[in-house]
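S.K.: Quick one: the structure is below, and I'll ask about it shortly.
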Amino acid sequence: MSLRVFQSLWAMGGLPYRGETPWSTAEQIDKIVEGGFDGVDIAWTPILPSEEAIAAAQARGVAWGATCFPNGEGDDFEEVIARFVAMGDEGPLYINLQPNLKVFTIEEGAPELRRCLRIVEEAGFEAVVETHRDRMTTDLRFTLQLMDAVPEMRMNGDLSHFVVGQEFAWPVGEDDHALIRRVLERCDMFHGRVASREQVQIPISWDYHRPWLDLFLGWWEIGFRAWRERSEPGAELYFVPELGPPMWYAITGPDGEEMSDRWQEALMLKEHVRAIWERLEHESAVALGR
């Protein structure tokens, strides 16, 4: 089994830091490769250069995964997945779903999740459902009920949304830790972003935020351990740093400039999670007497 750290293409928007000319899509892919990432996560959406990014990744032989936003019965989700199938070996390694159908009840939401999972499974891809605000999984407790109703659903844990969405107290109480652990036990993928109770994305390079970074590193380690315990040899766990641009997530000053270097912090997250993985690999080797 192995950990593969992909970088989010959406998180490359507006880079580099502090007023330099933004990188083109092709340059973003090149930077991801140069930065030591194992691949790229590409959001399939009309507001981003999705097809251009896929072509750039394919031309460079870069592995990629797709994030999709199904809207409910009658959308074009099945056609999108068919396009991925037609790419053959150059297609995505996984399909990450952000269900963009707003529902009030589990009875409304569960059939839509099953529809999407069925489409992806029949196409031969692995699917995960992301925890995310402004999506069906916006609320922690509602998401846990969806997980109970659709036991075959595997999760992509973007825990930042739950921390700020539920406005967890500090220090985080055991009851809230227990709820997060229930999500971690179902995660086959993780999106990496560190939140506080007021802000969905805080600069991890600031010492002031170290307690929140340590909280997330601890949660990711729990999730990694749970995944390793249930996974078969040869399985791959995906982790995607996803530090969003201004107007979405990044904190800016009065001049509109970001207050930390998002690219450098993505590289930091990559090294943090690889260090967790290497420690778990070492523990496993020691336990087996290697």
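We label chains A, B, ... in the order they appear in the structure tokens, count residues from 1 in each chain, and number ligands from 1 in the order shown.
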To test your reading of the structure, identify every residue in region 65-266 of chain A that backbone DSSP assigns to alpha helix (DSSP H), and report it as a ChimeraX atom specification.

M.R.: /A:77-86,106-123,140-149,160-166,174-184,210-230,262-266

S.K.: Any chance you could tabulate, as a tab-separated table, the residues of region 206-272 of chain A at most 12 Å from region 80-102 of chain A with each one's nearest atom pair and distance in Å to one decimal, using only C-alpha atoms, in chain and rising number order?

M.R.:
```
residue	atom	partner	partner_atom	distance
A:Glu236	CA	A:Leu93	CA	10.1
A:Leu237	CA	A:Tyr94	CA	10.7
A:Tyr238	CA	A:Tyr94	CA	9.2
A:Phe239	CA	A:Asn96	CA	11.7
A:Val240	CA	A:Asn96	CA	11.1
```

S.K.: Suppose we keep N, CA and C atoms; can you now write the selection as a PDB file, in the first residue's frame?

M.R.:
```pdb
ATOM      1  N   GLU A 236      -3.984   2.249  -2.704  1.00  0.00           N
ATOM      2  CA  GLU A 236      -3.409   3.591  -2.710  1.00  0.00           C
ATOM      3  C   GLU A 236      -4.344   4.552  -1.983  1.00  0.00           C
ATOM      4  N   LEU A 237      -3.769   5.326  -1.072  1.00  0.00           N
ATOM      5  CA  LEU A 237      -4.494   6.359  -0.352  1.00  0.00           C
ATOM      6  C   LEU A 237      -4.109   7.710  -0.946  1.00  0.00           C
ATOM      7  N   TYR A 238      -5.109   8.531  -1.270  1.00  0.00           N
ATOM      8  CA  TYR A 238      -4.866   9.833  -1.882  1.00  0.00           C
ATOM      9  C   TYR A 238      -5.055  10.952  -0.866  1.00  0.00           C
ATOM     10  N   PHE A 239      -4.103  11.870  -0.859  1.00  0.00           N
ATOM     11  CA  PHE A 239      -4.176  13.077  -0.032  1.00  0.00           C
ATOM     12  C   PHE A 239      -3.933  14.267  -0.953  1.00  0.00           C
ATOM     13  N   VAL A 240      -4.827  15.264  -0.888  1.00  0.00           N
ATOM     14  CA  VAL A 240      -4.742  16.416  -1.790  1.00  0.00           C
ATOM     15  C   VAL A 240      -4.715  17.716  -0.990  1.00  0.00           C
TER      16      VAL A 240
END
```

S.K.: Quick one: residues within 9 Å of region 246-252 of chain A, only C-alpha atoms counted, chain neighbours fewer than 4 positions away excluded, as a PyMOL selection string?

M.R.: chain A and resi 14+199-203+256-260+262

S.K.: Taking the DSSP secondary structure from the backbone, can you list the residues of region 158-191 of chain A that are strand (DSSP E), as a PyMOL selection string?

M.R.: chain A and resi 187-191

S.K.: Can you tell me, as a VMD selection string, what residues are no more than 8 Å from Gln7 (chain A) when counting only C-alpha atoms, ignoring any on the same chain fewer than 2 positions away?

M.R.: chain A and resid 5 9 11 32 37 to 41 240 to 242 266

S.K.: Identify which of the residues A:Gly244, A:Gly157, A:Pro49, A:Pro254 lies closest to Asp188 (chain A), counting only C-alpha atoms when measuring atom-to-atom distances.

M.R.: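 Using only C-alpha atoms, the shortest distance to Asp188 (chain A) belongs to A:Gly157.
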
S.K.: Considering only C-alpha atoms, state which residue in the set A:Asp30, A:Glu126, A:Glu73, A:Glu198 is at the smallest distance from Gly109 (chain A).

M.R.: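 Ranking A:Asp30, A:Glu126, A:Glu73, A:Glu198 by distance to Gly109 (chain A), first place goes to A:Glu73.
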